[in-house]
Number of protein chains: 2
Amino acid sequence: MLSKKTKYGLKALTYLASIESTVPVQIAEIAKHENISQKFLESILLTLRRNGFLGSKKGKGGGYYLIKSPDEIQMTTVMRVLEGPIAMVPCVSLNFYEKCEDCPNEGQCSVNKLMLKVRDANLEVYRNNTLADLIS
Amino acid sequence: MLSKKTKYGLKALTYLASIESTVPVQIAEIAKHENISQKFLESILLTLRRNGFLGSKKGKGGGYYLIKSPDEIQMTTVMRVLEGPIAMVPCVSLNFYEKCEDCPNEGQCSVNKLMLKVRDANLEVYRNNTLADLIS
DNA sequence: GATTATCCTACTAAATCTATAGGAAAATAA
DNA sequence: TTATTTTCCTATAGATTTAGTAGGATAATC
């Protein structure tokens with residue numbers, strides 16, 4: 001299951017990309033438009049800012065804005081930041097690799113074999129989709 | 001993340017398929033060979049039996065055995081039984097569809113759009129892999 | 001100085017996952 | 001018949017994760 005965090009984060013990014021505002025957009029506006037708890041969204045936007053997707057401005061007229069062009073924001077990076085590893089098991093993860101403690105032989109493990117294919121299939125989707133692709 | 005339940009279930013199925021035993025295989029043997037808690041595995045094998053993957057026999061000489069040939073066991077069905085829906089959001093699920101309560105327009109939802117592609121990619125992998133494919 | 005909006009940490013409630021406990025039921029063997 | 005073996009089944013408990021809340025600090029503007 002996709003976490004609400006990821007879901008809301010994606011919706012917020014999409015909203016920002018779609019309205020193409022020239023001024024920062026406030027959390028309250030995004031939360032209202034997308035039916036998201038404002039406080040929860042606040043923490044999500046914070047991590048998106050800390051990970052280089054958003055910029056922010058405080059005080060009156062403040063809010064959040066996209067730092068990059070939507071077609072430069074790949075879903076691979078968004079998913080990794082919000083949802084975590086794309087691989088379903090650590091032993092097939094590119095960015096978060098870990099050996100399974102219960103598995104003596106990775107090369108002969110059926111789970112490894114299947115999840116490697118799943119990972120590749122997912123990676124291809126995420127790599128071939130940018131934020132811009134989700135709007136039109 | 002793949003749940004341990006699914007991981008262990010897959011390993012158990014793979015083990016049964018690979019040893020090609022003519023007699024039922026006991027939980028204890030599978031658990032030992034695959035480094036799985038026996039009691040936990042017990043409950044997993046139970047759901048695999050209830051869902052038509054395994055047969056069982058009680059008492060001495062009892063145990064579990066595959067009901068179908070490994071090449072007839074598709075990963076789609078195994079994953080659905082052990083892990084649940086293949087789709088990451090209910091609004092793109094084939095077998096467990098549900099409308100998102102927070103989403104007024106499914107057709108214009110970016111999450112829906114992305115997760116539809118992810119679902120299709122995953123389905124293709126699961127459909128093109130049987131238990132037999134995971135052994136060789 | 002007042003107001004507005006983000007920033008930040010910590011906490012809590014609920015749900016889910018990962019088992020474990022303990023016996024009932026059925027098959028076999030002595 | 002009785003003992004042994006193995007699955008069957010329900011309930012429960014501990015750990016982890018998720019989803020959301022509380023409450024104030026910080027910074028920018030008016």
# chains A, B, ... in the order shown; residues from 1 in each chain; ligands from 1
$ select_by_dssp --residues "range 45-130 of chain B" --states "strand (DSSP E or B)" --output "NGL selection string"
:B and (54-57 or 63-66 or 74 or 130)
$ closest_atom_pairs --of "chain C" --to "chain B" --cutoff "10 Å" --atoms "only C-alpha atoms (C1' of nucleotides)" --output "tab-separated table"
residue	atom	partner	partner_atom	distance
C:DC17	C1'	B:Ser3	CA	7.8
C:DT18	C1'	B:Lys4	CA	7.9
C:DA19	C1'	B:Phe40	CA	6.1
C:DT20	C1'	B:Lys39	CA	7.4
C:DA21	C1'	B:Lys39	CA	10.0
C:DA25	C1'	B:Lys58	CA	9.2
C:DA26	C1'	B:Lys58	CA	6.1
C:DA27	C1'	B:Gly59	CA	4.4
C:DT28	C1'	B:Lys60	CA	5.6
C:DA29	C1'	B:Lys60	CA	8.7
$ select_by_dssp --residues "chain A" --states "alpha helix (DSSP H)" --output "ChimeraX atom specification"
/A:4-19,27-34,38-50,75-82,110-127
$ interface_residues --of "chain D" --to "chain B" --cutoff "7 Å" --atoms "only C-alpha atoms (C1' of nucleotides)" --output "count of residues only"
3
$ closest_residue --among "C:DA24, C:DA14, C:DA30, C:DC7" --to "DG24 in chain D" --atoms "only C-alpha atoms (C1' of nucleotides)"
C:DC7
$ closest_atom_pairs --of "chain B" --to "chain A" --cutoff "7 Å" --atoms "only C-alpha atoms" --output "JSON lines"
{"residue": "B:Met1", "atom": "CA", "partner": "A:Met88", "partner_atom": "CA", "distance": 4.4}
{"residue": "B:Leu2", "atom": "CA", "partner": "A:Met88", "partner_atom": "CA", "distance": 5.1}
{"residue": "B:Lys7", "atom": "CA", "partner": "A:Val111", "partner_atom": "CA", "distance": 6.5}
{"residue": "B:Leu10", "atom": "CA", "partner": "A:Val111", "partner_atom": "CA", "distance": 6.7}
{"residue": "B:Lys11", "atom": "CA", "partner": "A:Ser110", "partner_atom": "CA", "distance": 6.8}
{"residue": "B:Thr14", "atom": "CA", "partner": "A:Ser110", "partner_atom": "CA", "distance": 6.9}
{"residue": "B:Asn35", "atom": "CA", "partner": "A:Asp102", "partner_atom": "CA", "distance": 6.0}
{"residue": "B:Met88", "atom": "CA", "partner": "A:Met1", "partner_atom": "CA", "distance": 4.4}
{"residue": "B:Val89", "atom": "CA", "partner": "A:Leu2", "partner_atom": "CA", "distance": 6.1}
{"residue": "B:Asp102", "atom": "CA", "partner": "A:Asn35", "partner_atom": "CA", "distance": 6.0}
{"residue": "B:Ser110", "atom": "CA", "partner": "A:Leu134", "partner_atom": "CA", "distance": 5.0}
{"residue": "B:Val111", "atom": "CA", "partner": "A:Lys7", "partner_atom": "CA", "distance": 6.5}
{"residue": "B:Lys113", "atom": "CA", "partner": "A:Leu134", "partner_atom": "CA", "distance": 6.6}
{"residue": "B:Leu114", "atom": "CA", "partner": "A:Leu134", "partner_atom": "CA", "distance": 6.9}
{"residue": "B:Lys117", "atom": "CA", "partner": "A:Val125", "partner_atom": "CA", "distance": 6.8}
{"residue": "B:Val118", "atom": "CA", "partner": "A:Asn122", "partner_atom": "CA", "distance": 6.2}
{"residue": "B:Ala121", "atom": "CA", "partner": "A:Ala121", "partner_atom": "CA", "distance": 5.7}
{"residue": "B:Asn122", "atom": "CA", "partner": "A:Val118", "partner_atom": "CA", "distance": 6.2}
{"residue": "B:Val125", "atom": "CA", "partner": "A:Val118", "partner_atom": "CA", "distance": 6.4}
{"residue": "B:Leu134", "atom": "CA", "partner": "A:Ser110", "partner_atom": "CA", "distance": 5.0}
{"residue": "B:Ile135", "atom": "CA", "partner": "A:Ser110", "partner_atom": "CA", "distance": 6.5}
$ atom_distance --atom1 "C1' of DT18 in chain D" --atom2 "C1' of DC8 in chain C"
19.8 Å
$ atom_distance --atom1 "CA of Lys99 in chain A" --atom2 "CA of Arg127 in chain B"
27.1 Å
$ atom_distance --atom1 "CA of Ile67 in chain B" --atom2 "CA of Phe53 in chain B"
5.8 Å
$ residues_around --residues "Tyr65 in chain B" --least-positions-apart "3" --cutoff "7 Å" --atoms "only C-alpha atoms (C1' of nucleotides)" --output "PDB file with N, CA and C atoms, in the first residue's frame"
ATOM      1  N   LEU B  16       8.928 -26.709  -1.469  1.00  0.00           N
ATOM      2  CA  LEU B  16       8.092 -27.860  -1.816  1.00  0.00           C
ATOM      3  C   LEU B  16       8.224 -28.211  -3.302  1.00  0.00           C
ATOM      4  N   PRO B  24       4.121 -36.252   1.888  1.00  0.00           N
ATOM      5  CA  PRO B  24       3.940 -34.930   2.498  1.00  0.00           C
ATOM      6  C   PRO B  24       5.190 -34.480   3.262  1.00  0.00           C
ATOM      7  N   VAL B  25       5.437 -33.174   3.241  1.00  0.00           N
ATOM      8  CA  VAL B  25       6.597 -32.615   3.935  1.00  0.00           C
ATOM      9  C   VAL B  25       6.139 -31.885   5.189  1.00  0.00           C
ATOM     10  N   LEU B  54      -2.064 -25.684  -1.335  1.00  0.00           N
ATOM     11  CA  LEU B  54      -1.491 -26.860  -0.689  1.00  0.00           C
ATOM     12  C   LEU B  54      -2.567 -27.848  -0.253  1.00  0.00           C
ATOM     13  N   GLY B  55      -2.161 -29.100  -0.176  1.00  0.00           N
ATOM     14  CA  GLY B  55      -2.953 -30.119   0.497  1.00  0.00           C
ATOM     15  C   GLY B  55      -2.212 -30.518   1.756  1.00  0.00           C
ATOM     16  N   SER B  56      -2.916 -31.188   2.673  1.00  0.00           N
ATOM     17  CA  SER B  56      -2.255 -31.562   3.917  1.00  0.00           C
ATOM     18  C   SER B  56      -2.709 -32.925   4.393  1.00  0.00           C
TER      19      SER B  56
END
$ closest_residue --among "B:Arg80, B:His33, B:Leu66, B:Arg50" --to "Ala17 in chain B" --atoms "only C-alpha atoms"
B:Leu66
